[in-house]
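Notes follow the structure.
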Amino acid sequence: MTKDRYRRQALVRELGQNGQDMLATKHVVVIGGGGLGSNSANLMVRMGIGSIDIIDYDSVELSNLHRTSVFSEEDLGKSKALVLQEKLQKVNMNVRAKAINQRVTSENIRAFVSDADVIIDGTDSVPLRLLINEESIRHNIPWVYAGVYETVGMVMGILPKNTPCFQCITQNIPKSTMKEIPVLGSLPATIASIQCNEAIKILLGRHPKGLIIYDVWNQCFDSMNIQRNPSCITCGRK
């Protein structure tokens with residue numbers, strides 16, 4: 001029955017049955033369960049990842065519903081992480097989904113990600129991403145950054161000591177002075193799909209593409225082969 005679930009995906013040349021079997025052994029940690037994180041978690045569960053932790057301390061708000069395919073009006077006021085665990089476990093009982101209804105800090109992040117094969121960025125906070133980046137480099141845990149703004153999304157898979165880290169590319173990320181980030185509703189699902197593809201490649205031992213930029217309104221797609229910054233305070237030579 002499990003093989004029947006994934007038979008169309010296992011036909012993909014880049015994955016195959018061996019790759020599908022490998023995904024079933026992997027553990028993913030999603031930090032942030034909003035527009036990006038919920039869509040990414042949904043895709044990873046459906047694609048057959050072995051286990052997934054979803055970490056988020058917020059509750060579902062009405063303003064979340066326009067940019068996610070998982071939450072509904074019935075979920076308003078409930079914990080994002082707990083709702084995701086319940087709904088995603090029903091989608092695929094072969095995957096272990098675990099909710100962590102806590103705020104990620106410098107004191108607890110190590111405990112949350114210590115056994116992760118890859119970390120998925122579902123946050124909207126640059127300081128939190130820098131914290132994830134530091135933990136990734138310190139303990140050699142790959143992660144996939146993703147961000148959205150208006151109609152543009154960015155994704156980058158980060159392999160510690162192999163690719164540029166998030167600190168290396170911060171100058172390429174536009175800074176917002178707004179309290180609320182403007183986001184076209186279709187953008188997070190699109191960027192989450194790209195993010196999951198990069199995560200799958202990392203889990204299968206492949207190299208991520210680089211910094212990917214996609215404007216869904218103007219249908220402009222680009223990727224940048226950014227080099228590591230040797231003076232980077234996080235991943236550069238000490």
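Ordering of the structure tokens sets the chain letters (A, B, ...); residue numbers start at 1 within each chain; ligands are numbered from 1 in the order shown.
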
Those of stretch 112-219 of chain A in DSSP strand (DSSP E or B), formatted as a CSV table (one decimal) with C-alpha atoms, in the first residue's frame:
chain,number,residue,atom,x,y,z
A,118,VAL,CA,17.4,19.1,7.3
A,119,ILE,CA,15.7,22.2,8.8
A,120,ILE,CA,12.9,24.0,6.8
A,121,ASP,CA,12.7,27.7,7.3
A,143,TRP,CA,18.7,24.0,6.1
A,144,VAL,CA,16.6,25.6,3.4
A,145,TYR,CA,15.9,29.3,3.7
A,146,ALA,CA,12.8,30.7,2.2
A,147,GLY,CA,11.3,34.2,2.3
A,148,VAL,CA,8.4,36.0,0.6
A,149,TYR,CA,7.6,39.7,0.0
A,150,GLU,CA,4.8,41.1,-2.1
A,152,VAL,CA,8.7,37.8,-4.9
A,153,GLY,CA,10.0,34.8,-3.1
A,154,MET,CA,13.6,33.6,-2.4
A,155,VAL,CA,14.9,30.1,-1.6
A,156,MET,CA,18.4,28.8,-0.8
A,157,GLY,CA,19.6,25.5,0.3
A,158,ILE,CA,22.5,25.8,2.8
A,183,VAL,CA,2.2,38.9,0.4
A,211,LEU,CA,19.9,31.5,-4.4
A,212,ILE,CA,16.6,31.1,-6.3
A,213,ILE,CA,14.4,34.2,-6.9
A,214,TYR,CA,11.0,34.0,-8.4
A,215,ASP,CA,8.5,36.8,-9.1

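For stretch 104-111 of chain A, the non-local neighbours within 10 Å, defined as residues at least 4 positions apart in the same chain or in other chains and counting only C-alpha atoms, are Ile31, Gly32, Ile55, Asp56, Tyr57, Ile100, Asp115, Leu128, Leu131, Ile132, Glu134, Glu135, Ser136 and His139 of chain A.
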
Counting only C-alpha atoms, what is within 9 Å of A:Ile52, bar same-chain residues fewer than 4 positions away, as a list in words?
Lys26, His27, Val28, Val29, Val30, Ala41, Met44, Val45, Val95, Arg96, Ala97, Lys98, Ala99 and Ala116 of chain A

Generate the output file for the selected residues, C-alpha atoms, as a PDB file, in the first residue's frame.
ATOM      1  CA  LYS A  26      14.657  11.074   7.053  1.00  0.00           C
ATOM      2  CA  HIS A  27      13.639  13.524   9.765  1.00  0.00           C
ATOM      3  CA  VAL A  28      12.694  17.121   8.935  1.00  0.00           C
ATOM      4  CA  VAL A  29      12.192  20.013  11.348  1.00  0.00           C
ATOM      5  CA  VAL A  30       9.984  22.889  10.171  1.00  0.00           C
ATOM      6  CA  ALA A  41       5.071  20.668   5.898  1.00  0.00           C
ATOM      7  CA  MET A  44       6.824  16.977   2.767  1.00  0.00           C
ATOM      8  CA  VAL A  45       4.230  14.752   4.462  1.00  0.00           C
ATOM      9  CA  VAL A  95       4.607   9.724   8.516  1.00  0.00           C
ATOM     10  CA  ARG A  96       5.177  10.700  12.141  1.00  0.00           C
ATOM     11  CA  ALA A  97       4.049  14.301  12.579  1.00  0.00           C
ATOM     12  CA  LYS A  98       4.885  16.023  15.866  1.00  0.00           C
ATOM     13  CA  ALA A  99       3.765  19.457  17.059  1.00  0.00           C
ATOM     14  CA  ALA A 116      17.221  16.814  12.025  1.00  0.00           C
TER      15      ALA A 116
END

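For the pair atom CA of A:Arg228 and atom CA of A:Ala199, the interatomic distance is 19.8 Å.
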
Using only C-alpha atoms: which of A:Met47, A:Leu130, A:Val113, A:Val216 has the shortest distance to A:Ala189
A:Val216

Need to verify the contact set: A:Arg67, 7 Å, only C-alpha atoms, exclusion of same-chain residues closer than 6 positions in sequence. Can you return it as an mmCIF file with C-alpha atoms, in the first residue's frame?
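Saved result, result21.cif, follows:
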data_model
loop_
_atom_site.group_PDB
_atom_site.id
_atom_site.type_symbol
_atom_site.label_atom_id
_atom_site.label_comp_id
_atom_site.auth_asym_id
_atom_site.auth_seq_id
_atom_site.Cartn_x
_atom_site.Cartn_y
_atom_site.Cartn_z
ATOM 1 C CA GLY A 35 2.080 30.504 5.103
ATOM 2 C CA GLY A 185 -1.835 34.752 -1.488
ATOM 3 C CA SER A 186 -0.499 32.378 -4.152
ATOM 4 C CA PRO A 188 3.869 31.092 -0.270
#

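The environment of A:Pro208 within 7 Å, counting only C-alpha atoms and disregarding residues fewer than 6 places along the same chain, consists of Gly157, Glu198, Lys201 and Ile202 of chain A.
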
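Taking only C-alpha atoms into account, A:Gln9 lies nearest to A:Arg46 out of the set A:Glu73, A:Arg138, A:Ser38, A:Arg46.
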
Residues near stretch 12-20 of chain A, anyone? I mean within 8 Å using only C-alpha atoms, not counting same-chain ones fewer than 4 positions away, as number ranges by chain.
A: 6, 8, 24, 48, 204

Those residues you just picked out, can you put them in a file as a PDB file, in the first residue's frame with N, CA and C atoms?
ATOM      1  N   TYR A   6       3.084   6.146  -3.458  1.00  0.00           N
ATOM      2  CA  TYR A   6       4.148   6.955  -4.065  1.00  0.00           C
ATOM      3  C   TYR A   6       4.546   6.488  -5.475  1.00  0.00           C
ATOM      4  N   ARG A   8       3.696   7.069  -8.519  1.00  0.00           N
ATOM      5  CA  ARG A   8       3.925   8.070  -9.567  1.00  0.00           C
ATOM      6  C   ARG A   8       5.195   8.858  -9.281  1.00  0.00           C
ATOM      7  N   ALA A  24      11.877   7.969   3.413  1.00  0.00           N
ATOM      8  CA  ALA A  24      11.134   7.402   4.540  1.00  0.00           C
ATOM      9  C   ALA A  24      11.995   7.264   5.786  1.00  0.00           C
ATOM     10  N   GLY A  48       6.238  11.776   1.444  1.00  0.00           N
ATOM     11  CA  GLY A  48       6.718  10.559   2.081  1.00  0.00           C
ATOM     12  C   GLY A  48       7.923  10.692   2.970  1.00  0.00           C
ATOM     13  N   LEU A 204      18.619  13.617  -0.418  1.00  0.00           N
ATOM     14  CA  LEU A 204      19.096  12.556  -1.302  1.00  0.00           C
ATOM     15  C   LEU A 204      20.577  12.694  -1.626  1.00  0.00           C
TER      16      LEU A 204
END

From atom CA of A:Asn197 to atom CA of A:Ser40 the spacing works out at 9.8 Å

Taking the DSSP secondary structure from the backbone, can you list the residues of stretch 16-159 of chain A that are alpha helix (DSSP H), as a ChimeraX atom specification?
/A:16-23,35-47,80-91,109-113,126-139

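Minimum atom-to-atom distance to A:Ser79, evaluated using only C-alpha atoms, belongs to A:Gln102 out of A:Gln102, A:Asn218, A:Asn94, A:Ser63.
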